[in-house]
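What's in protein_4.csv: CSV, N, CA and C atoms
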chain,number,residue,atom,x,y,z
A,1125,MET,N,106.8,124.0,146.7
A,1125,MET,CA,105.8,124.6,145.8
A,1125,MET,C,106.4,125.9,145.3
A,1126,GLY,N,106.2,126.1,144.0
A,1126,GLY,CA,106.8,127.3,143.3
A,1126,GLY,C,106.0,128.6,143.5
A,1127,ASN,N,106.6,129.6,143.1
A,1127,ASN,CA,106.0,131.0,143.2
A,1127,ASN,C,104.7,131.1,142.4
A,1128,ILE,N,104.6,130.5,141.3
A,1128,ILE,CA,103.4,130.6,140.4
A,1128,ILE,C,102.3,129.9,141.1
A,1129,GLU,N,102.5,128.7,141.7
A,1129,GLU,CA,101.4,128.0,142.4
A,1129,GLU,C,101.0,128.8,143.6
A,1130,ILE,N,101.9,129.3,144.4
A,1130,ILE,CA,101.5,130.1,145.5
A,1130,ILE,C,100.7,131.3,145.1
A,1131,GLY,N,101.2,132.0,144.0
A,1131,GLY,CA,100.4,133.1,143.5
A,1131,GLY,C,99.0,132.8,143.0
A,1132,ASN,N,98.9,131.6,142.3
A,1132,ASN,CA,97.5,131.2,141.9
A,1132,ASN,C,96.6,130.9,143.1
A,1133,LYS,N,97.2,130.4,144.2
A,1133,LYS,CA,96.4,130.1,145.4
A,1133,LYS,C,96.0,131.5,146.0
A,1134,ILE,N,96.9,132.4,146.1
A,1134,ILE,CA,96.5,133.7,146.6
A,1134,ILE,C,95.4,134.3,145.8
A,1135,LYS,N,95.5,134.3,144.5
A,1135,LYS,CA,94.5,134.9,143.7
A,1135,LYS,C,93.2,134.2,143.8
A,1136,HIS,N,93.2,132.9,143.8
A,1136,HIS,CA,92.0,132.1,144.0
A,1136,HIS,C,91.3,132.4,145.3
A,1137,ALA,N,92.1,132.5,146.4
A,1137,ALA,CA,91.5,132.8,147.7
A,1137,ALA,C,90.9,134.2,147.8
A,1138,ARG,N,91.7,135.1,147.2
A,1138,ARG,CA,91.2,136.5,147.2
A,1138,ARG,C,89.9,136.7,146.4
A,1139,ILE,N,89.8,136.0,145.3
A,1139,ILE,CA,88.5,136.1,144.5
A,1139,ILE,C,87.4,135.4,145.3
A,1140,LEU,N,87.7,134.2,145.8
A,1140,LEU,CA,86.7,133.5,146.6
A,1140,LEU,C,86.2,134.3,147.8
A,1141,ARG,N,87.1,135.1,148.4
A,1141,ARG,CA,86.7,135.9,149.6
A,1141,ARG,C,86.1,137.3,149.1
A,1142,GLY,N,86.1,137.5,147.8
A,1142,GLY,CA,85.5,138.8,147.3
A,1142,GLY,C,86.3,140.0,147.7
A,1143,ALA,N,87.6,139.8,147.9
A,1143,ALA,CA,88.5,140.9,148.3
A,1143,ALA,C,89.2,141.5,147.1
A,1144,THR,N,89.6,142.8,147.2
A,1144,THR,CA,90.3,143.4,146.1
A,1144,THR,C,91.8,143.4,146.4
A,1145,LEU,N,92.6,143.7,145.4
A,1145,LEU,CA,94.1,143.8,145.7
A,1145,LEU,C,94.3,144.9,146.7
A,1146,ASP,N,93.6,146.0,146.6
A,1146,ASP,CA,93.8,147.1,147.5
A,1146,ASP,C,93.5,146.7,148.9
A,1147,GLU,N,92.4,146.0,149.1
A,1147,GLU,CA,92.0,145.6,150.5
A,1147,GLU,C,93.1,144.7,151.1
A,1148,ILE,N,93.5,143.7,150.4
A,1148,ILE,CA,94.6,142.8,150.9
A,1148,ILE,C,95.9,143.5,151.2
A,1149,ALA,N,96.3,144.4,150.2
A,1149,ALA,CA,97.5,145.2,150.4
A,1149,ALA,C,97.4,146.0,151.6
A,1150,GLN,N,96.3,146.7,151.9
A,1150,GLN,CA,96.1,147.5,153.0
A,1150,GLN,C,96.2,146.7,154.3
A,1151,LYS,N,95.6,145.5,154.4
A,1151,LYS,CA,95.6,144.7,155.5
A,1151,LYS,C,97.0,144.2,155.8
A,1152,VAL,N,97.8,143.9,154.8
A,1152,VAL,CA,99.1,143.3,154.9
A,1152,VAL,C,100.1,144.4,155.2
A,1153,GLY,N,99.9,145.6,154.7
A,1153,GLY,CA,100.8,146.7,154.9
A,1153,GLY,C,101.8,146.8,153.8
A,1154,VAL,N,101.4,146.4,152.6
A,1154,VAL,CA,102.3,146.5,151.4
A,1154,VAL,C,101.6,147.2,150.3
A,1155,ALA,N,102.3,147.5,149.2
A,1155,ALA,CA,101.7,148.1,148.1
A,1155,ALA,C,100.8,147.1,147.3
A,1156,LYS,N,99.8,147.6,146.7
A,1156,LYS,CA,98.9,146.8,145.8
A,1156,LYS,C,99.7,146.0,144.8
A,1157,SER,N,100.7,146.7,144.2
A,1157,SER,CA,101.6,146.0,143.2
A,1157,SER,C,102.3,144.8,143.8
A,1158,THR,N,102.6,144.9,145.1
A,1158,THR,CA,103.3,143.7,145.7
A,1158,THR,C,102.4,142.5,145.7
A,1159,ILE,N,101.1,142.7,146.1
A,1159,ILE,CA,100.2,141.6,146.1
A,1159,ILE,C,100.0,141.1,144.7
A,1160,GLN,N,99.9,142.0,143.8
A,1160,GLN,CA,99.8,141.6,142.4
A,1160,GLN,C,101.0,140.8,141.9
A,1161,ARG,N,102.2,141.2,142.3
A,1161,ARG,CA,103.4,140.5,141.9
A,1161,ARG,C,103.4,139.1,142.5
A,1162,TYR,N,102.9,139.0,143.8
A,1162,TYR,CA,102.8,137.7,144.4
A,1162,TYR,C,101.8,136.8,143.6
A,1163,GLU,N,100.7,137.4,143.3
A,1163,GLU,CA,99.7,136.6,142.5
A,1163,GLU,C,100.2,136.1,141.2
A,1164,ASN,N,101.0,137.0,140.5
A,1164,ASN,CA,101.5,136.6,139.2
A,1164,ASN,C,102.8,135.8,139.2
A,1165,GLY,N,103.2,135.4,140.4
A,1165,GLY,CA,104.4,134.6,140.6
A,1165,GLY,C,105.7,135.3,140.2
A,1166,LYS,N,105.7,136.7,140.3
A,1166,LYS,CA,106.9,137.5,139.9
A,1166,LYS,C,107.8,137.8,141.1
A,1167,ILE,N,107.4,137.4,142.3
A,1167,ILE,CA,108.3,137.6,143.4
A,1167,ILE,C,109.3,136.5,143.4
A,1168,LYS,N,110.6,136.8,143.2
A,1168,LYS,CA,111.6,135.7,143.1
A,1168,LYS,C,111.9,135.1,144.5
A,1169,LYS,N,112.0,135.9,145.5
A,1169,LYS,CA,112.2,135.4,146.9
A,1169,LYS,C,111.0,135.6,147.7
A,1170,ILE,N,110.2,134.5,147.8
A,1170,ILE,CA,109.0,134.6,148.6
A,1170,ILE,C,109.4,134.8,150.1
A,1171,LYS,N,108.7,135.8,150.7
A,1171,LYS,CA,109.0,136.1,152.1
A,1171,LYS,C,107.8,135.5,152.9
A,1172,LEU,N,108.2,134.5,153.7
A,1172,LEU,CA,107.1,133.8,154.5
A,1172,LEU,C,106.3,134.7,155.4
A,1173,PRO,N,106.9,135.7,156.1
A,1173,PRO,CA,106.1,136.5,156.9
A,1173,PRO,C,105.0,137.3,156.0
A,1174,VAL,N,105.4,137.6,154.8
A,1174,VAL,CA,104.4,138.3,153.9
A,1174,VAL,C,103.3,137.3,153.5
A,1175,VAL,N,103.7,136.1,153.1
A,1175,VAL,CA,102.7,135.1,152.7
A,1175,VAL,C,101.8,134.8,153.9
A,1176,GLU,N,102.4,134.7,155.1
A,1176,GLU,CA,101.5,134.5,156.3
A,1176,GLU,C,100.6,135.6,156.5
A,1177,SER,N,101.0,136.9,156.3
A,1177,SER,CA,100.2,138.0,156.5
A,1177,SER,C,99.0,138.0,155.4
A,1178,ILE,N,99.4,137.6,154.2
A,1178,ILE,CA,98.4,137.5,153.2
A,1178,ILE,C,97.3,136.5,153.6
A,1179,ALA,N,97.8,135.3,154.1
A,1179,ALA,CA,96.9,134.3,154.5
A,1179,ALA,C,96.0,134.8,155.6
A,1180,ILE,N,96.5,135.5,156.5
A,1180,ILE,CA,95.7,136.0,157.6
A,1180,ILE,C,94.7,137.0,157.1
A,1181,ALA,N,95.1,137.9,156.2
A,1181,ALA,CA,94.2,138.9,155.6
A,1181,ALA,C,93.1,138.2,154.8
A,1182,LEU,N,93.4,137.1,154.2
A,1182,LEU,CA,92.4,136.3,153.4
A,1182,LEU,C,91.6,135.3,154.3
A,1183,ASP,N,92.0,135.2,155.6
A,1183,ASP,CA,91.4,134.3,156.5
A,1183,ASP,C,91.5,132.8,156.0
A,1184,ILE,N,92.7,132.5,155.5
A,1184,ILE,CA,92.9,131.1,155.0
A,1184,ILE,C,94.1,130.5,155.8
A,1185,ASN,N,94.3,129.2,155.6
A,1185,ASN,CA,95.4,128.5,156.2
A,1185,ASN,C,96.7,128.8,155.5
A,1186,PRO,N,97.7,129.4,156.2
A,1186,PRO,CA,99.0,129.6,155.6
A,1186,PRO,C,99.6,128.4,155.1
A,1187,ALA,N,99.5,127.3,155.8
A,1187,ALA,CA,100.1,126.0,155.4
A,1187,ALA,C,99.5,125.6,154.0
A,1188,TRP,N,98.2,125.8,153.7
A,1188,TRP,CA,97.7,125.5,152.4
A,1188,TRP,C,98.3,126.4,151.3
A,1189,LEU,N,98.5,127.6,151.7
A,1189,LEU,CA,99.1,128.5,150.7
A,1189,LEU,C,100.4,128.1,150.2
A,1190,VAL,N,101.2,127.5,151.1
A,1190,VAL,CA,102.6,127.1,150.6
A,1190,VAL,C,102.7,125.6,150.3
A,1191,GLY,N,101.5,124.9,150.2
A,1191,GLY,CA,101.5,123.5,149.8
A,1191,GLY,C,101.8,122.5,150.9
A,1192,LYS,N,101.7,122.9,152.2
A,1192,LYS,CA,101.9,122.0,153.3
A,1192,LYS,C,100.6,121.4,153.9
A,1193,SER,N,99.5,121.8,153.3
A,1193,SER,CA,98.2,121.3,153.8
A,1193,SER,C,97.2,121.3,152.6
A,1194,LYS,N,96.3,120.4,152.7
A,1194,LYS,CA,95.2,120.3,151.7
A,1194,LYS,C,94.0,121.2,152.0
A,1195,ASN,N,94.0,121.7,153.2
A,1195,ASN,CA,92.8,122.4,153.7
A,1195,ASN,C,93.1,123.9,153.6
A,1196,MET,N,92.3,124.5,152.7
A,1196,MET,CA,92.4,126.0,152.6
A,1196,MET,C,91.9,126.8,153.8
A,1197,GLU,N,90.9,126.3,154.4
A,1197,GLU,CA,90.3,127.0,155.6
A,1197,GLU,C,91.3,126.8,156.8
A,1198,ARG,N,91.2,127.8,157.6
A,1198,ARG,CA,92.1,127.8,158.8
A,1198,ARG,C,91.7,126.6,159.7
A,1199,PRO,N,92.6,126.2,160.5
A,1199,PRO,CA,92.3,125.1,161.4
A,1199,PRO,C,91.1,125.6,162.3
A,1200,SER,N,90.5,124.6,162.9
A,1200,SER,CA,89.3,124.9,163.7
A,1200,SER,C,89.5,125.9,164.8
A,1201,GLN,N,90.8,125.9,165.3
A,1201,GLN,CA,91.1,126.9,166.3
A,1201,GLN,C,90.9,128.3,165.8
A,1202,ALA,N,90.1,129.1,166.5
A,1202,ALA,CA,89.9,130.5,166.0
A,1202,ALA,C,91.2,131.3,166.2
A,1203,THR,N,91.4,132.1,165.2
A,1203,THR,CA,92.6,133.1,165.4
A,1203,THR,C,92.3,134.0,166.5
A,1204,PRO,N,93.2,134.2,167.4
A,1204,PRO,CA,93.0,135.1,168.5
A,1204,PRO,C,92.6,136.5,167.9
A,1205,LYS,N,91.7,137.1,168.6
A,1205,LYS,CA,91.2,138.4,168.1
A,1205,LYS,C,92.3,139.4,167.9
A,1206,ILE,N,93.3,139.4,168.8
A,1206,ILE,CA,94.4,140.3,168.7
A,1206,ILE,C,95.1,140.2,167.3
A,1207,MET,N,95.2,138.9,166.8
A,1207,MET,CA,96.0,138.7,165.6
A,1207,MET,C,95.2,139.3,164.4
A,1208,LYS,N,93.8,139.2,164.5
A,1208,LYS,CA,93.0,139.8,163.4
A,1208,LYS,C,93.2,141.3,163.3
A,1209,TYR,N,93.2,141.9,164.5
A,1209,TYR,CA,93.5,143.3,164.5
A,1209,TYR,C,94.9,143.7,164.1
A,1210,TYR,N,95.9,142.9,164.5
A,1210,TYR,CA,97.2,143.1,164.2
A,1210,TYR,C,97.4,143.0,162.6
A,1211,ALA,N,96.7,142.1,162.0
A,1211,ALA,CA,96.9,141.9,160.6
A,1211,ALA,C,96.4,143.1,159.8
A,1212,LEU,N,95.5,143.9,160.4
A,1212,LEU,CA,95.0,145.1,159.8
A,1212,LEU,C,95.9,146.3,159.8
A,1213,LEU,N,97.0,146.2,160.6
A,1213,LEU,CA,97.9,147.3,160.8
A,1213,LEU,C,99.0,147.4,159.7
A,1214,ASN,N,99.5,148.6,159.5
A,1214,ASN,CA,100.6,148.7,158.6
A,1214,ASN,C,101.9,148.5,159.5
A,1215,ASP,N,103.1,148.7,158.9
A,1215,ASP,CA,104.3,148.4,159.6
A,1215,ASP,C,104.5,149.2,160.9
A,1216,VAL,N,104.1,150.5,160.8
A,1216,VAL,CA,104.2,151.4,161.9
A,1216,VAL,C,103.3,151.0,163.0
A,1217,GLY,N,102.1,150.6,162.6
A,1217,GLY,CA,101.1,150.2,163.6
A,1217,GLY,C,101.5,148.9,164.3
A,1218,LYS,N,102.1,148.0,163.5
A,1218,LYS,CA,102.5,146.7,164.0
A,1218,LYS,C,103.6,146.9,165.0
A,1219,HIS,N,104.5,147.8,164.7
A,1219,HIS,CA,105.6,148.2,165.7
A,1219,HIS,C,105.0,148.7,167.0
A,1220,GLU,N,104.1,149.6,166.9
A,1220,GLU,CA,103.5,150.2,168.1
A,1220,GLU,C,102.7,149.2,168.9
A,1221,ALA,N,102.0,148.3,168.2
A,1221,ALA,CA,101.2,147.2,168.9
A,1221,ALA,C,102.2,146.3,169.6
A,1222,THR,N,103.3,146.0,169.0
A,1222,THR,CA,104.2,145.1,169.6
A,1222,THR,C,104.8,145.8,170.9
A,1223,LYS,N,105.1,147.1,170.8
A,1223,LYS,CA,105.6,147.8,172.0
A,1223,LYS,C,104.6,147.8,173.1
A,1224,ARG,N,103.3,148.0,172.8
A,1224,ARG,CA,102.2,148.0,173.8
A,1224,ARG,C,102.1,146.6,174.5
A,1225,VAL,N,102.1,145.6,173.7
A,1225,VAL,CA,102.0,144.2,174.3
A,1225,VAL,C,103.3,143.9,175.2
A,1226,GLU,N,104.4,144.4,174.7
A,1226,GLU,CA,105.6,144.2,175.5
A,1226,GLU,C,105.5,145.0,176.8
A,1227,GLU,N,104.9,146.2,176.8
A,1227,GLU,CA,104.7,147.0,178.0
A,1227,GLU,C,103.9,146.2,179.0
A,1228,LEU,N,102.8,145.5,178.5
A,1228,LEU,CA,102.0,144.7,179.4
A,1228,LEU,C,102.7,143.6,180.0
A,1229,THR,N,103.7,143.0,179.4
A,1229,THR,CA,104.5,142.0,180.0
A,1229,THR,C,105.4,142.5,181.1
A,1230,ASN,N,105.5,143.8,181.2
A,1230,ASN,CA,106.3,144.3,182.3
A,1230,ASN,C,105.5,144.6,183.6
A,1231,LEU,N,104.2,144.3,183.5
A,1231,LEU,CA,103.3,144.5,184.6
A,1231,LEU,C,103.0,143.1,185.2
A,1232,PRO,N,103.4,142.9,186.5
A,1232,PRO,CA,103.2,141.6,187.1
A,1232,PRO,C,101.8,141.0,187.0
A,1233,GLN,N,100.8,141.9,187.2
A,1233,GLN,CA,99.4,141.4,187.2
A,1233,GLN,C,99.0,140.8,185.9
A,1234,TYR,N,99.8,141.0,184.8
A,1234,TYR,CA,99.4,140.5,183.5
A,1234,TYR,C,100.2,139.3,183.1
A,1235,ILE,N,101.2,138.9,183.9
A,1235,ILE,CA,102.1,137.8,183.5
A,1235,ILE,C,101.6,136.5,184.2
A,1236,LEU,N,101.6,135.4,183.5
A,1236,LEU,CA,101.1,134.1,184.1
A,1236,LEU,C,101.8,133.8,185.4
A,1237,ASN,N,103.1,133.9,185.4
A,1237,ASN,CA,103.8,133.6,186.6
A,1237,ASN,C,105.0,134.5,186.7
A,1238,ALA,N,104.8,135.7,187.2
A,1238,ALA,CA,105.8,136.7,187.2
A,1238,ALA,C,107.0,136.4,188.0
A,1239,ALA,N,106.9,135.5,189.0
A,1239,ALA,CA,108.0,135.2,189.9
A,1239,ALA,C,109.0,134.3,189.1
A,1240,HIS,N,108.5,133.6,188.1
A,1240,HIS,CA,109.4,132.7,187.4
A,1240,HIS,C,109.6,133.1,185.9
A,1241,ALA,N,109.4,134.3,185.6
A,1241,ALA,CA,109.6,134.7,184.2
A,1241,ALA,C,111.0,134.5,183.8
A,1242,ASP,N,111.2,133.8,182.6
A,1242,ASP,CA,112.6,133.4,182.3
A,1242,ASP,C,113.6,134.6,182.3
A,1243,ASP,N,113.2,135.7,181.7
A,1243,ASP,CA,114.1,136.8,181.6
A,1243,ASP,C,113.8,137.9,182.6
A,1244,TYR,N,113.0,137.7,183.6
A,1244,TYR,CA,112.6,138.6,184.6
A,1244,TYR,C,112.1,139.9,184.1
A,1245,MET,N,111.4,139.9,183.0
A,1245,MET,CA,110.8,141.1,182.4
A,1245,MET,C,110.0,141.8,183.4
A,1246,GLY,N,110.3,143.0,183.8
A,1246,GLY,CA,109.5,143.8,184.7
A,1246,GLY,C,109.5,143.4,186.1
A,1247,ALA,N,110.3,142.3,186.5
A,1247,ALA,CA,110.3,141.9,187.9
A,1247,ALA,C,111.1,142.9,188.7
A,1248,PRO,N,110.6,143.2,189.9
A,1248,PRO,CA,111.4,144.1,190.8
A,1248,PRO,C,112.8,143.5,191.1
A,1249,GLU,N,113.7,144.4,191.3
A,1249,GLU,CA,115.1,144.0,191.6
A,1249,GLU,C,115.1,143.0,192.8
A,1250,GLU,N,114.3,143.2,193.8
A,1250,GLU,CA,114.3,142.3,195.0
A,1250,GLU,C,113.9,140.9,194.5
A,1251,LEU,N,113.0,140.8,193.6
A,1251,LEU,CA,112.5,139.5,193.1
A,1251,LEU,C,113.6,138.8,192.3
A,1252,LYS,N,114.3,139.6,191.5
A,1252,LYS,CA,115.4,139.0,190.8
A,1252,LYS,C,116.5,138.5,191.7
A,1253,LYS,N,116.8,139.3,192.7
A,1253,LYS,CA,117.9,138.9,193.7
A,1253,LYS,C,117.4,137.6,194.4
A,1254,LEU,N,116.2,137.6,194.9
A,1254,LEU,CA,115.7,136.4,195.6
A,1254,LEU,C,115.8,135.2,194.7
A,1255,GLU,N,115.3,135.3,193.5
A,1255,GLU,CA,115.4,134.1,192.6
A,1255,GLU,C,116.8,133.7,192.3
A,1256,GLU,N,117.8,134.6,192.2
A,1256,GLU,CA,119.2,134.2,192.0
A,1256,GLU,C,119.7,133.5,193.2
A,1257,ASP,N,119.3,134.0,194.4
A,1257,ASP,CA,119.8,133.4,195.7
A,1257,ASP,C,119.3,132.0,195.8
A,1258,ILE,N,118.0,131.8,195.4
A,1258,ILE,CA,117.4,130.4,195.5
A,1258,ILE,C,118.2,129.5,194.5
A,1259,MET,N,118.4,130.0,193.3
A,1259,MET,CA,119.1,129.2,192.3
A,1259,MET,C,120.6,128.8,192.8
A,1260,ASP,N,121.2,129.7,193.5
A,1260,ASP,CA,122.6,129.5,193.9
A,1260,ASP,C,122.7,128.6,195.2
A,1261,ASP,N,121.5,128.4,195.9
A,1261,ASP,CA,121.5,127.6,197.1
A,1261,ASP,C,121.7,126.2,196.8
A,1262,GLU,N,122.8,125.6,197.4
A,1262,GLU,CA,123.1,124.2,197.1
A,1262,GLU,C,122.0,123.2,197.7
A,1263,ASN,N,121.3,123.7,198.7
A,1263,ASN,CA,120.2,122.8,199.3
A,1263,ASN,C,118.9,122.9,198.5
A,1264,PHE,N,118.8,123.7,197.6
A,1264,PHE,CA,117.5,123.9,196.8
A,1264,PHE,C,117.4,122.9,195.8

Whole structure given in structure tokens:
Amino acid sequence: MGNIEIGNKIKHARILRGATLDEIAQKVGVAKSTIQRYENGKIKKIKLPVVESIAIALDINPAWLVGKSKNMERPSQATPKIMKYYALLNDVGKHEATKRVEELTNLPQYILNAAHADDYMGAPEELKKLEEDIMDDENF
């Protein structure tokens, strides 16, 4: 799908949602002119993360926006609340939010299975050593 078609879909969805260029730009964390250039098909190299952020800001299916789905509305699965808040942040806010979530992954009480975390994020040194010893055991 070409830039002009994607731009037309963005504009269509924005108008349908009753959103302004300013509102979408603020939610995505880009300048109003950037959204306008996407809508007008003037962005030569479409950036998928930006298109996805625009889709989230408009509460539409990103796959529809790029021509991979016929359904404009998001799939029936609700977007996790955290992603809706994340979409409202600018780049600095997104960086800080990512750091905070990463910090939570360093606390064993918030990890699904802290004893078997692939990269041992936040696991105490004794746990890492124990896991390595088990993996090195020929009888295991």

(message) With all atoms listed in the file as the counted atoms, please give the residues lying no more than 8 Å from region 1134-1148 of chain A, apart from itself and same-chain residues fewer than 3 positions off, as an MDAnalysis selection string.
(response) chainID A and resid 1128:1131 1151:1157 1159:1160 1162:1164 1177:1179 1181:1184 1189

note - atom N of Lys1169 (chain A) and atom C of Glu1220 (chain A) are separated by 28.5 Å

In Å and to one decimal, CA of Val1190 (chain A) is distant from CA of Arg1161 (chain A) by 16.0 Å

Enclosing box along x, y and z for every listed atom of region 1180-1197 of chain A, padded 8 Å each side, centre and size in Å, one decimal, as JSON:
{"center_x": 96.5, "center_y": 129.6, "center_z": 153.7, "size_x": 28.4, "size_y": 34.6, "size_z": 23.8}

Students should find that CA of Asp1215 (chain A) and CA of Ser1193 (chain A) are spaced 28.4 Å
